[in-house]
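The next block is entry-v6.txt, given as compact mmCIF, C-alpha atoms.
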# COMPACT_ATOMS: atom_id res chain seq x y z
CA MET B 26 6.09 -12.50 30.28
CA SER B 27 8.37 -15.56 30.15
CA GLY B 28 11.89 -15.55 28.75
CA ARG B 29 10.75 -17.69 25.83
CA LYS B 30 8.02 -15.26 24.85
CA LYS B 31 10.46 -12.36 24.91
CA SER B 32 12.43 -14.01 22.13
CA VAL B 33 9.32 -14.88 20.13
CA ILE B 34 7.29 -11.68 20.43
CA SER B 35 8.99 -8.75 18.74
CA LYS B 36 8.69 -5.08 19.57
CA ALA B 37 6.70 -2.98 17.09
CA SER B 38 7.72 0.62 16.43
CA PRO B 39 5.00 3.24 15.87
CA HIS B 40 5.54 3.13 12.09
CA THR B 41 5.18 -0.67 12.16
CA ILE B 42 1.87 -0.39 13.99
CA LYS B 43 0.74 2.08 11.31
CA LYS B 44 1.62 -0.58 8.74
CA PHE B 45 -0.62 -3.07 10.57
CA GLU B 46 -3.43 -0.49 10.59
CA LEU B 47 -3.08 0.29 6.88
CA ILE B 48 -3.16 -3.35 5.79
CA GLU B 49 -6.14 -4.03 8.05
CA GLU B 50 -8.00 -0.96 6.75
CA TYR B 51 -7.34 -1.92 3.15
CA ILE B 52 -8.24 -5.61 3.53
CA LYS B 53 -11.57 -4.73 5.16
CA SER B 54 -12.49 -2.52 2.19
CA TRP B 55 -11.00 -4.93 -0.36
CA ALA B 56 -12.99 -7.87 1.01
CA GLN B 57 -16.23 -5.90 1.16
CA LYS B 58 -15.91 -4.71 -2.43
CA LEU B 59 -15.03 -8.13 -3.85
CA LEU B 60 -17.52 -10.19 -1.85
CA LEU B 61 -20.31 -7.94 -3.09
CA THR B 62 -19.36 -8.96 -6.64
CA GLY B 63 -21.35 -11.85 -8.02
CA SER B 64 -18.41 -13.24 -10.01
CA CYS B 65 -16.27 -13.60 -6.85
CA ASN B 66 -16.59 -17.07 -5.32
CA GLY B 67 -14.18 -16.47 -2.49
CA LEU B 68 -11.01 -14.85 -1.16
CA ILE B 69 -7.51 -16.08 -0.44
CA PHE B 70 -5.17 -14.12 1.82
CA ILE B 71 -1.50 -15.15 2.02
CA ASP B 72 1.03 -13.79 4.51
CA CYS B 73 4.19 -15.78 3.90
CA MET B 74 6.29 -13.96 6.54
CA CYS B 75 3.76 -13.46 9.32
CA ASN B 76 5.94 -13.49 12.47
CA SER B 77 4.16 -14.36 15.75
CA GLY B 78 0.96 -12.39 15.11
CA VAL B 79 1.36 -10.20 18.21
CA TYR B 80 3.94 -7.60 19.25
CA THR B 81 4.69 -5.24 22.11
CA ASP B 82 4.57 -1.48 21.62
CA ASP B 83 6.83 1.18 23.16
CA ALA B 84 4.78 1.04 26.37
CA GLY B 85 5.14 -2.73 26.63
CA GLN B 86 1.48 -3.37 25.73
CA LEU B 87 0.53 -6.30 23.52
CA VAL B 88 -0.44 -5.21 19.97
CA LYS B 89 -2.09 -7.34 17.30
CA GLY B 90 -0.07 -7.71 14.11
CA THR B 91 -1.19 -8.03 10.52
CA ALA B 92 -1.96 -11.76 10.59
CA VAL B 93 -4.31 -11.52 13.57
CA ARG B 94 -5.98 -8.27 12.45
CA VAL B 95 -6.65 -9.57 8.94
CA SER B 96 -7.86 -12.97 10.20
CA GLU B 97 -10.37 -11.31 12.51
CA ALA B 98 -11.56 -8.94 9.80
CA LEU B 99 -12.02 -11.71 7.23
CA ARG B 100 -13.75 -13.94 9.78
CA GLU B 101 -16.35 -11.19 10.22
CA ALA B 102 -16.69 -10.86 6.44
CA SER B 103 -17.26 -14.62 6.14
CA ARG B 104 -20.18 -14.37 8.56
CA THR B 105 -21.80 -11.69 6.40
CA TYR B 106 -21.20 -13.42 3.05
CA THR B 107 -21.96 -16.98 4.08
CA GLU B 108 -22.08 -18.29 0.50
CA LYS B 109 -18.45 -17.22 -0.16
CA ASN B 110 -15.39 -19.13 1.06
CA ILE B 111 -12.39 -17.41 2.65
CA HIS B 112 -9.03 -19.14 3.05
CA ILE B 113 -6.04 -17.66 4.89
CA TYR B 114 -2.49 -18.99 4.63
CA LEU B 115 -0.08 -17.82 7.35
CA ASN B 116 3.55 -18.86 7.30
CA ASP B 117 6.77 -18.09 9.13
CA LYS B 118 10.05 -19.98 9.01
CA ASP B 119 10.24 -19.96 12.84
CA LYS B 120 8.06 -22.69 14.39
CA ALA B 121 8.02 -20.96 17.78
CA ARG B 122 6.52 -17.85 16.20
CA VAL B 123 3.86 -19.89 14.43
CA ASP B 124 3.02 -21.69 17.70
CA GLU B 125 2.54 -18.28 19.36
CA LEU B 126 0.48 -17.05 16.41
CA LYS B 127 -1.98 -19.94 16.72
CA LYS B 128 -2.91 -18.80 20.24
CA HIS B 129 -4.30 -15.53 18.89
CA LEU B 130 -6.14 -16.62 15.74
CA PRO B 131 -9.93 -16.99 15.43
CA GLN B 132 -11.32 -20.49 15.03
CA ASP B 133 -12.22 -21.99 11.67
CA GLU B 134 -15.86 -21.85 10.60
CA ARG B 135 -17.82 -23.49 7.79
CA ASN B 136 -16.70 -21.03 5.11
CA PHE B 137 -13.63 -19.65 6.87
CA LYS B 138 -10.35 -21.59 7.12
CA ILE B 139 -6.85 -20.69 8.33
CA VAL B 140 -3.85 -22.81 7.37
CA THR B 141 -0.60 -22.18 9.25
CA SER B 142 2.83 -23.46 8.30
CA TYR B 143 6.48 -22.94 9.19
CA SER B 144 8.68 -23.18 6.12
CA ASP B 145 10.79 -21.03 3.85
CA ALA B 146 8.53 -18.32 2.44
CA HIS B 147 9.84 -18.66 -1.09
CA GLU B 148 9.39 -22.43 -1.13
CA LEU B 149 5.78 -21.86 -0.05
CA LEU B 150 5.20 -19.28 -2.80
CA ARG B 151 6.72 -21.61 -5.40
CA THR B 152 4.18 -24.22 -4.31
CA ILE B 153 1.14 -21.94 -4.22
CA GLY B 154 1.96 -19.71 -7.19
CA PRO B 155 1.63 -22.25 -10.04
CA GLN B 156 -1.70 -23.41 -8.59
CA LEU B 157 -3.21 -19.98 -9.26
CA TYR B 158 -3.31 -20.45 -13.02
CA GLY B 159 -6.86 -21.30 -14.00
CA THR B 160 -8.38 -20.79 -10.54
CA GLY B 161 -11.16 -18.71 -12.08
CA HIS B 162 -13.17 -16.62 -9.66
CA LEU B 163 -11.00 -16.90 -6.56
CA HIS B 164 -9.40 -13.59 -5.70
CA TYR B 165 -6.14 -13.55 -3.76
CA PHE B 166 -4.06 -11.05 -1.85
CA LEU B 167 -0.39 -11.79 -1.20
CA LEU B 168 1.47 -9.91 1.53
CA TYR B 169 5.23 -10.15 1.04
CA ASP B 170 6.87 -8.59 4.07
CA PRO B 171 10.57 -9.55 4.42
CA TYR B 172 12.74 -8.40 7.30
CA ASP B 173 15.31 -6.78 5.02
CA ALA B 174 15.82 -5.84 1.36
CA THR B 175 15.24 -9.38 0.07
CA ILE B 176 12.79 -9.86 -2.81
CA ASP B 177 12.57 -13.15 -4.75
CA TRP B 178 10.96 -12.03 -8.01
CA GLU B 179 10.86 -15.54 -9.49
CA ALA B 180 8.68 -16.76 -6.62
CA LEU B 181 6.41 -13.69 -7.00
CA LEU B 182 6.00 -13.94 -10.79
CA PRO B 183 2.80 -16.10 -10.84
CA PHE B 184 1.14 -13.67 -8.44
CA PHE B 185 1.76 -10.77 -10.81
CA ARG B 186 0.42 -12.73 -13.79
CA ASN B 187 -2.90 -13.81 -12.24
CA TRP B 188 -5.94 -11.81 -11.15
CA GLY B 189 -5.08 -10.74 -7.65
CA GLU B 190 -3.11 -8.25 -5.64
CA VAL B 191 0.43 -8.19 -4.27
CA MET B 192 1.72 -5.98 -1.47
CA ILE B 193 5.49 -5.77 -1.03
CA ASN B 194 7.36 -4.23 1.87
CA HIS B 195 10.43 -2.76 0.17
CA MET B 196 12.97 -2.19 2.95
CA VAL B 197 14.68 0.69 1.18
CA SER B 198 16.59 1.72 4.31
CA ASP B 199 18.64 -1.49 4.05
CA PRO B 200 20.55 -0.72 0.81
CA VAL B 201 20.68 3.01 1.57
CA ARG B 202 22.51 2.21 4.80
CA ALA B 203 24.66 -0.74 3.77
CA ILE B 204 25.18 -1.21 0.05
CA THR B 205 28.37 0.85 -0.26
CA SER B 206 30.03 -1.05 2.60
CA ALA B 207 28.85 -4.55 1.60
CA LYS B 208 31.78 -7.01 1.48
CA LYS B 209 30.34 -10.52 1.85
CA LYS B 210 29.39 -12.41 -1.31
CA THR B 211 26.05 -13.42 0.25
CA THR B 212 25.21 -9.78 1.01
CA LYS B 213 26.11 -8.66 -2.49
CA ALA B 214 24.06 -11.51 -3.95
CA LYS B 215 21.05 -10.43 -1.86
CA TYR B 216 21.11 -6.96 -3.39
CA GLU B 217 21.71 -8.35 -6.89
CA ASN B 218 18.69 -10.66 -6.57
CA THR B 219 16.47 -7.93 -5.13
CA TYR B 220 17.30 -5.30 -7.77
CA LEU B 221 18.13 -7.73 -10.63
CA GLU B 222 21.33 -5.86 -11.37
CA ASP B 223 25.05 -6.55 -11.04
CA PHE B 224 26.35 -5.31 -7.70
CA GLU B 225 28.85 -2.99 -9.39
CA LYS B 226 25.97 -1.19 -11.09
CA LEU B 227 24.12 -0.84 -7.79
CA VAL B 228 26.97 0.71 -5.81
CA PRO B 229 26.59 4.14 -7.52
CA TYR B 230 22.99 4.24 -6.20
CA GLY B 231 24.60 4.85 -2.78
CA SER B 232 22.10 6.53 -0.46
CA ASP B 233 19.78 7.63 -3.29
CA LYS B 234 16.55 6.03 -2.10
CA LYS B 235 14.67 7.14 -5.23
CA ALA B 236 17.04 5.06 -7.36
CA TYR B 237 16.12 1.88 -5.46
CA GLU B 238 12.42 2.75 -5.53
CA SER B 239 12.51 3.35 -9.28
CA ARG B 240 14.37 0.09 -9.89
CA VAL B 241 11.75 -1.94 -7.99
CA GLU B 242 8.93 -0.30 -9.97
CA GLU B 243 10.79 -1.06 -13.22
CA ILE B 244 10.98 -4.73 -12.24
CA ILE B 245 7.28 -4.87 -11.34
CA ASN B 246 6.44 -3.26 -14.68
CA SER B 247 8.49 -5.89 -16.53
CA LEU B 248 6.82 -8.79 -14.67
CA LYS B 249 3.17 -7.76 -14.98
CA GLY B 250 2.67 -8.90 -18.56
CA ALA B 251 0.80 -6.98 -21.26
CA ARG B 252 -2.24 -5.90 -19.22
CA ARG B 253 -2.82 -2.52 -17.58
CA TYR B 254 -1.33 -2.51 -14.10
CA TYR B 255 -1.47 -0.08 -11.20
CA VAL B 256 1.30 0.43 -8.65
CA SER B 257 1.14 2.73 -5.64
CA ALA B 258 3.86 3.05 -2.99
CA PHE B 259 3.59 4.79 0.38
CA PRO B 260 6.63 5.54 2.55
CA PHE B 261 6.94 4.83 6.27
CA TYR B 262 9.18 7.00 8.43
CA ASN B 263 10.40 6.40 11.97
CA THR B 264 10.13 8.89 14.83
CA GLN B 265 13.37 10.56 13.65
CA ASN B 266 11.76 11.15 10.22
CA SER B 267 14.10 8.68 8.51
CA LEU B 268 12.66 6.54 5.72
CA VAL B 269 12.42 2.88 6.73
CA TYR B 270 10.43 1.19 3.94
CA ASN B 271 7.86 1.62 1.21
CA LEU B 272 4.66 -0.44 1.23
CA ILE B 273 4.01 -1.12 -2.45
CA HIS B 274 0.58 -2.17 -3.67
CA CYS B 275 0.28 -3.87 -7.07
CA THR B 276 -2.98 -4.67 -8.85
CA SER B 277 -4.57 -4.93 -12.28
CA ASN B 278 -7.82 -3.60 -10.83
CA LYS B 279 -8.24 0.16 -10.82
CA GLU B 280 -10.74 0.04 -7.97
CA GLY B 281 -8.12 -1.65 -5.78
CA PHE B 282 -5.60 1.04 -6.74
CA LYS B 283 -8.05 3.79 -5.74
CA LEU B 284 -8.97 1.96 -2.54
CA TYR B 285 -5.37 1.59 -1.40
CA LYS B 286 -4.68 5.31 -1.83
CA LYS B 287 -7.82 6.18 0.10
CA SER B 288 -6.91 3.74 2.90
CA ALA B 289 -3.35 5.07 3.21
CA TRP B 290 -4.41 8.72 3.47
CA LYS B 291 -7.06 7.80 6.03
CA VAL B 292 -4.63 5.84 8.24
CA PHE B 293 -1.91 8.50 7.92
CA GLY B 294 -4.33 11.25 8.98
CA ALA B 295 -4.92 13.08 5.65
CA GLN B 296 -1.32 12.92 4.46
CA SER B 297 0.79 10.64 2.25
CA SER B 298 3.21 9.10 4.79
CA THR B 299 3.94 8.58 8.48
CA LYS B 300 6.45 11.42 8.45
CA HIS B 301 5.98 14.18 11.02
CA SER B 302 5.25 17.11 8.73
CA VAL B 303 3.59 20.48 9.26
CA GLU B 304 0.29 20.50 7.39
CA ASN B 305 -0.19 24.27 7.34
CA ARG B 306 3.03 25.14 5.58
CA GLN B 307 3.78 28.82 5.05
CA LEU B 308 2.02 30.06 1.92
CA SER B 309 3.29 33.07 -0.03
CA PHE B 310 2.79 34.73 -3.40
CA ASN B 311 5.46 34.80 -6.09
CA LEU B 312 6.04 37.62 -8.62
CA PHE B 313 3.21 36.29 -10.77
CA GLY B 314 0.68 36.37 -7.95
CA GLU B 315 0.67 32.57 -7.64
CA ILE B 316 0.64 30.75 -4.31
CA THR B 317 3.97 29.10 -3.59
CA GLU B 318 5.27 27.07 -0.69
CA VAL B 319 8.03 24.69 0.27
CA GLU B 320 6.64 21.32 -0.82
CA ASP B 321 7.73 18.16 0.97
CA GLU B 322 7.29 15.37 -1.59
CA SER B 323 7.85 12.76 1.11
CA CYS B 324 4.75 13.91 2.99
CA LEU B 325 2.01 15.55 0.96
CA HIS B 326 -1.24 17.01 2.34
CA VAL B 327 -4.68 17.87 0.97
CA ILE B 328 -3.43 21.34 -0.02
CA ASP B 329 -0.98 19.57 -2.36
CA ILE B 330 -3.85 17.72 -4.02
CA ALA B 331 -5.63 21.03 -4.59
CA LYS B 332 -2.42 22.56 -5.97
CA TYR B 333 -2.01 19.64 -8.39
CA LEU B 334 -5.57 20.09 -9.68
CA GLN B 335 -5.04 23.84 -10.05
CA ARG B 336 -1.89 23.19 -12.06
CA CYS B 337 -3.63 20.64 -14.32
CA LEU B 338 -6.84 22.61 -14.84
CA LYS B 339 -5.56 26.19 -14.67
CA GLY B 340 -7.84 28.61 -16.53
CA ARG B 341 -10.47 25.96 -17.35
CA LYS B 342 -14.10 27.00 -16.87
CA GLN B 343 -17.01 24.85 -15.69
CA VAL B 344 -15.03 21.64 -15.27
CA PRO B 345 -17.33 18.74 -14.23
CA LEU B 346 -16.45 17.24 -10.86
CA ASP B 347 -16.15 13.78 -12.45
CA GLU B 348 -13.33 15.03 -14.68
CA MET B 349 -11.50 16.40 -11.65
CA TRP B 350 -11.86 13.16 -9.67
CA GLU B 351 -10.73 11.13 -12.69
CA LEU B 352 -7.43 13.03 -12.68
CA LEU B 353 -6.93 11.84 -9.11
CA ASP B 354 -8.06 8.31 -9.97
CA ASN B 355 -4.96 7.97 -12.14
CA HIS B 356 -2.49 9.70 -9.82
CA PRO B 357 -0.03 7.30 -8.12
CA ILE B 358 -0.41 8.89 -4.66
CA PHE B 359 -3.39 11.25 -4.46
CA PRO B 360 -6.75 9.70 -3.48
CA SER B 361 -9.88 10.52 -5.46
CA GLU B 362 -12.20 9.56 -2.61
CA GLY B 363 -12.39 10.29 1.10
CA PHE B 364 -11.28 13.94 1.05
CA ARG B 365 -13.44 15.53 -1.64
CA ASN B 366 -14.99 18.27 0.51
CA ASP B 367 -11.56 19.23 1.88
CA ILE B 368 -10.12 19.40 -1.63
CA LYS B 369 -12.95 21.62 -2.87
CA SER B 370 -12.54 23.90 0.15
CA ASP B 371 -8.81 24.31 -0.49
CA LEU B 372 -9.43 25.02 -4.17
CA THR B 373 -11.86 27.83 -3.35
CA ASP B 374 -10.00 29.18 -0.30
CA PHE B 375 -6.44 29.17 -1.64
CA PHE B 376 -6.72 29.03 -5.43
CA ASP B 377 -9.83 31.16 -6.08
CA ALA B 378 -11.75 28.37 -7.79
CA LYS B 379 -15.48 28.98 -8.21
CA ILE B 380 -18.07 26.27 -7.60
CA GLU B 381 -21.47 26.53 -9.26
CA GLN B 382 -24.37 24.41 -10.38
CA ILE B 383 -25.40 24.36 -14.02
CA VAL B 384 -27.87 22.42 -16.12
CA ASN B 385 -26.03 20.07 -18.44
CA PRO B 386 -27.30 20.92 -21.95
CA GLU B 387 -26.95 17.30 -23.08
CA THR B 388 -28.62 15.51 -20.16
CA GLY B 389 -30.85 18.32 -18.87
CA LYS B 390 -29.73 17.47 -15.33
CA LYS B 391 -28.16 19.71 -12.70
CA GLU B 392 -24.42 19.35 -12.41
CA THR B 393 -21.76 20.80 -10.09
CA VAL B 394 -18.78 22.32 -11.91
CA LEU B 395 -15.61 24.23 -10.96
CA SER B 396 -14.00 27.14 -12.74
CA PHE B 397 -10.26 27.48 -12.13
CA SER B 398 -8.33 30.74 -11.94
CA SER B 399 -5.80 31.58 -14.63

Go through the file and emit its structure as structure tokens.
Amino acid sequence: MSGRKKSVISKASPHTIKKFELIEEYIKSWAQKLLLTGSCNGLIFIDCMCNSGVYTDDAGQLVKGTAVRVSEALREASRTYTEKNIHIYLNDKDKARVDELKKHLPQDERNFKIVTSYSDAHELLRTIGPQLYGTGHLHYFLLYDPYDATIDWEALLPFFRNWGEVMINHMVSDPVRAITSAKKKTTKAKYENTYLEDFEKLVPYGSDKKAYESRVEEIINSLKGARRYYVSAFPFYNTQNSLVYNLIHCTSNKEGFKLYKKSAWKVFGAQSSTKHSVENRQLSFNLFGEITEVEDESCLHVIDIAKYLQRCLKGRKQVPLDEMWELLDNHPIFPSEGFRNDIKSDLTDFFDAKIEQIVNPETGKKETVLSFSS
């Protein structure tokens, strides 16, 4: 590899590669679901901080990044849904990275177009954002993936107010590590702009990552407008089990919310983060005969989903499965699809739930129900 390429192609840590996999997995499902909808005329994907499109892993092997993975996935979708148009906008402020990216992208086709640019990401968003108003049946996905804790909410505002989805990489490790020692005015201004708060009010947050996470969700909630909105955030940990960032998914569509949770748990291997965590944690009984365990909120497993359902439905008899899955539909982290058999097994094996089939007296049809222990 030449000296020039070494400076252009970055190294991707294992957690970064997992991020690529999650976005690719989600976009494949997102595109399939939308393109099957008659009211959807086409898709727009925007990555305004796309880097060079390829990386090297710990072994020195070339790895495809988000921009290339998504472009290839959407190119395949365009060949299946030939009557729908797909446009991809890829931008990075570094021209050398964009030049490298172009070498790895699929070619344009009749209903599939890629536009590359090298400019300031926020200038690009301020150009594209206002054009979204009144676009009708075009559905967009914006990936906002800065290199540090920099979020320009003004540039993002139109994307929250229109029918589409926004994914933000919140680099929470940045303020946790540096906010208390920040001295430069530019650094302080960065944190003030990201968290929309005076720096003096941010300093007490210190290393409390939950405080930064909560503040970002408060801002999103204030920007979304009056409609119902769904936000789900999944944490990414490095090999030392330190939190690096949260990948936040924002949508006004409940199906997208459910799909993102399902995609994350699938990519993470039936858990809620990239953290190295023991799945079969030690179970014990407390004085009341209830199963207890040390719960790691930063990395939940299927047993935690079952425990949540047991807690919500304790003592209920003949609960329809649809009611149980609806509880998970609305949960910010737990998926309602993809792990149903595992969840039912944990409920019966660990929480003494009983599964049976009954005939619904109203419909006259057979129905599977669960009875939960008291």

Please provide the set of residues having any atom within 12 Å of Ser96 in chain B, restricted to all atoms listed in the file, with same-chain residues fewer than 6 positions apart removed, written as a ChimeraX atom specification.
/B:48-49,52-53,56,68-72,75,78,89-90,102-103,111-115,126-127,129-134,137-141

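Computed from the coordinates, the CA of Ser399 in chain B to CA of Val344 in chain B distance equals 13.6 Å.
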
Check which residues of range 142-222 of chain B sit at most 12 Å from range 282-292 of chain B using all atoms listed in the file, and return one row each with the closest pair of atoms and their distance in Å to one decimal, ordered by chain and rising number, as JSON lines.
{"residue": "B:Gly189", "atom": "CA", "partner": "B:Phe282", "partner_atom": "CA", "distance": 11.8}
{"residue": "B:Glu190", "atom": "CA", "partner": "B:Phe282", "partner_atom": "CA", "distance": 9.7}
{"residue": "B:Val191", "atom": "CA", "partner": "B:Phe282", "partner_atom": "CA", "distance": 11.3}
{"residue": "B:Met192", "atom": "CA", "partner": "B:Tyr285", "partner_atom": "CA", "distance": 10.4}

Long-range neighbours of Asn76 in chain B as a count of residues only, 8 Å cut-off, all atoms listed in the file, 2 positions minimum in chain:
8

Find the residues near Arg252 in chain B: any atom within 12 Å, counting all atoms listed in the file, skip ones fewer than 4 places away on the same chain, and give them as a list in words.
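The residues that qualify are Phe185, Arg186, Asn187, Trp188, Asn246, Ser247, Leu248, Thr276, Ser277, Asn278 and Lys279 of chain B.
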
As an exercise, work out the distance from CA of Phe293 in chain B to CA of Asp173 in chain B in Å and give it to one decimal place.
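Between these atoms lies a distance of 23.2 Å.
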
Within 12 Å of range 294-302 of chain B, counting only C-alpha atoms, which residues show up once you throw out same-chain ones fewer than 3 positions away? Write them as an NGL selection string, please.
:B and (38-44 or 46-47 or 257-272 or 285-291 or 305-306 or 319-330 or 357-360 or 362-365 or 367-368)

Residue subset to file, keeping C-alpha atoms, as a PDB file, in the coordinates of the input:
ATOM      1  CA  SER B  38       7.720   0.620  16.430  1.00  0.00           C
ATOM      2  CA  PRO B  39       5.000   3.240  15.870  1.00  0.00           C
ATOM      3  CA  HIS B  40       5.540   3.130  12.090  1.00  0.00           C
ATOM      4  CA  THR B  41       5.180  -0.670  12.160  1.00  0.00           C
ATOM      5  CA  ILE B  42       1.870  -0.390  13.990  1.00  0.00           C
ATOM      6  CA  LYS B  43       0.740   2.080  11.310  1.00  0.00           C
ATOM      7  CA  LYS B  44       1.620  -0.580   8.740  1.00  0.00           C
ATOM      8  CA  GLU B  46      -3.430  -0.490  10.590  1.00  0.00           C
ATOM      9  CA  LEU B  47      -3.080   0.290   6.880  1.00  0.00           C
ATOM     10  CA  SER B 257       1.140   2.730  -5.640  1.00  0.00           C
ATOM     11  CA  ALA B 258       3.860   3.050  -2.990  1.00  0.00           C
ATOM     12  CA  PHE B 259       3.590   4.790   0.380  1.00  0.00           C
ATOM     13  CA  PRO B 260       6.630   5.540   2.550  1.00  0.00           C
ATOM     14  CA  PHE B 261       6.940   4.830   6.270  1.00  0.00           C
ATOM     15  CA  TYR B 262       9.180   7.000   8.430  1.00  0.00           C
ATOM     16  CA  ASN B 263      10.400   6.400  11.970  1.00  0.00           C
ATOM     17  CA  THR B 264      10.130   8.890  14.830  1.00  0.00           C
ATOM     18  CA  GLN B 265      13.370  10.560  13.650  1.00  0.00           C
ATOM     19  CA  ASN B 266      11.760  11.150  10.220  1.00  0.00           C
ATOM     20  CA  SER B 267      14.100   8.680   8.510  1.00  0.00           C
ATOM     21  CA  LEU B 268      12.660   6.540   5.720  1.00  0.00           C
ATOM     22  CA  VAL B 269      12.420   2.880   6.730  1.00  0.00           C
ATOM     23  CA  TYR B 270      10.430   1.190   3.940  1.00  0.00           C
ATOM     24  CA  ASN B 271       7.860   1.620   1.210  1.00  0.00           C
ATOM     25  CA  LEU B 272       4.660  -0.440   1.230  1.00  0.00           C
ATOM     26  CA  TYR B 285      -5.370   1.590  -1.400  1.00  0.00           C
ATOM     27  CA  LYS B 286      -4.680   5.310  -1.830  1.00  0.00           C
ATOM     28  CA  LYS B 287      -7.820   6.180   0.100  1.00  0.00           C
ATOM     29  CA  SER B 288      -6.910   3.740   2.900  1.00  0.00           C
ATOM     30  CA  ALA B 289      -3.350   5.070   3.210  1.00  0.00           C
ATOM     31  CA  TRP B 290      -4.410   8.720   3.470  1.00  0.00           C
ATOM     32  CA  LYS B 291      -7.060   7.800   6.030  1.00  0.00           C
ATOM     33  CA  ASN B 305      -0.190  24.270   7.340  1.00  0.00           C
ATOM     34  CA  ARG B 306       3.030  25.140   5.580  1.00  0.00           C
ATOM     35  CA  VAL B 319       8.030  24.690   0.270  1.00  0.00           C
ATOM     36  CA  GLU B 320       6.640  21.320  -0.820  1.00  0.00           C
ATOM     37  CA  ASP B 321       7.730  18.160   0.970  1.00  0.00           C
ATOM     38  CA  GLU B 322       7.290  15.370  -1.590  1.00  0.00           C
ATOM     39  CA  SER B 323       7.850  12.760   1.110  1.00  0.00           C
ATOM     40  CA  CYS B 324       4.750  13.910   2.990  1.00  0.00           C
ATOM     41  CA  LEU B 325       2.010  15.550   0.960  1.00  0.00           C
ATOM     42  CA  HIS B 326      -1.240  17.010   2.340  1.00  0.00           C
ATOM     43  CA  VAL B 327      -4.680  17.870   0.970  1.00  0.00           C
ATOM     44  CA  ILE B 328      -3.430  21.340  -0.020  1.00  0.00           C
ATOM     45  CA  ASP B 329      -0.980  19.570  -2.360  1.00  0.00           C
ATOM     46  CA  ILE B 330      -3.850  17.720  -4.020  1.00  0.00           C
ATOM     47  CA  PRO B 357      -0.030   7.300  -8.120  1.00  0.00           C
ATOM     48  CA  ILE B 358      -0.410   8.890  -4.660  1.00  0.00           C
ATOM     49  CA  PHE B 359      -3.390  11.250  -4.460  1.00  0.00           C
ATOM     50  CA  PRO B 360      -6.750   9.700  -3.480  1.00  0.00           C
ATOM     51  CA  GLU B 362     -12.200   9.560  -2.610  1.00  0.00           C
ATOM     52  CA  GLY B 363     -12.390  10.290   1.100  1.00  0.00           C
ATOM     53  CA  PHE B 364     -11.280  13.940   1.050  1.00  0.00           C
ATOM     54  CA  ARG B 365     -13.440  15.530  -1.640  1.00  0.00           C
ATOM     55  CA  ASP B 367     -11.560  19.230   1.880  1.00  0.00           C
ATOM     56  CA  ILE B 368     -10.120  19.400  -1.630  1.00  0.00           C
TER      57      ILE B 368
END

Which of these, B:Lys249, B:Met349, B:Ala121, B:Leu163, has the shortest distance to Ser64 in chain B once you count only C-alpha atoms?
B:Leu163

As AutoDock Vina command-line options, please: the centre and edge lengths in Å, to one decimal, of an axis-aligned box enclosing every listed atom of range 102-109 of chain B with 4 Å added on each side.
--center_x -19.4 --center_y -14.6 --center_z 4.2 --size_x 13.4 --size_y 15.4 --size_z 16.7

Could you pull the residues within 9 Å of range 332-343 of chain B, counting all atoms listed in the file, minus those fewer than 4 positions along the same chain, as a ChimeraX atom specification?
/B:316,327-328,349,352-353,371-372,375-376,378-381,383,393-399

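For the pair CA of Ile34 in chain B and CA of Tyr80 in chain B, the separation is 5.4 Å.
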
Could you check the closest approach to His164 in chain B for each of B:His356, B:Lys369, B:Lys58, B:Arg94 and tell me which residue wins, using only C-alpha atoms?
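For His164 in chain B, the nearest of the given residues is B:Lys58.
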
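With all atoms listed in the file as the basis for measurement, B:Pro345 is the residue among B:Pro345, B:Trp178, B:Ile273, B:Ile244 that approaches Asn385 in chain B most closely.
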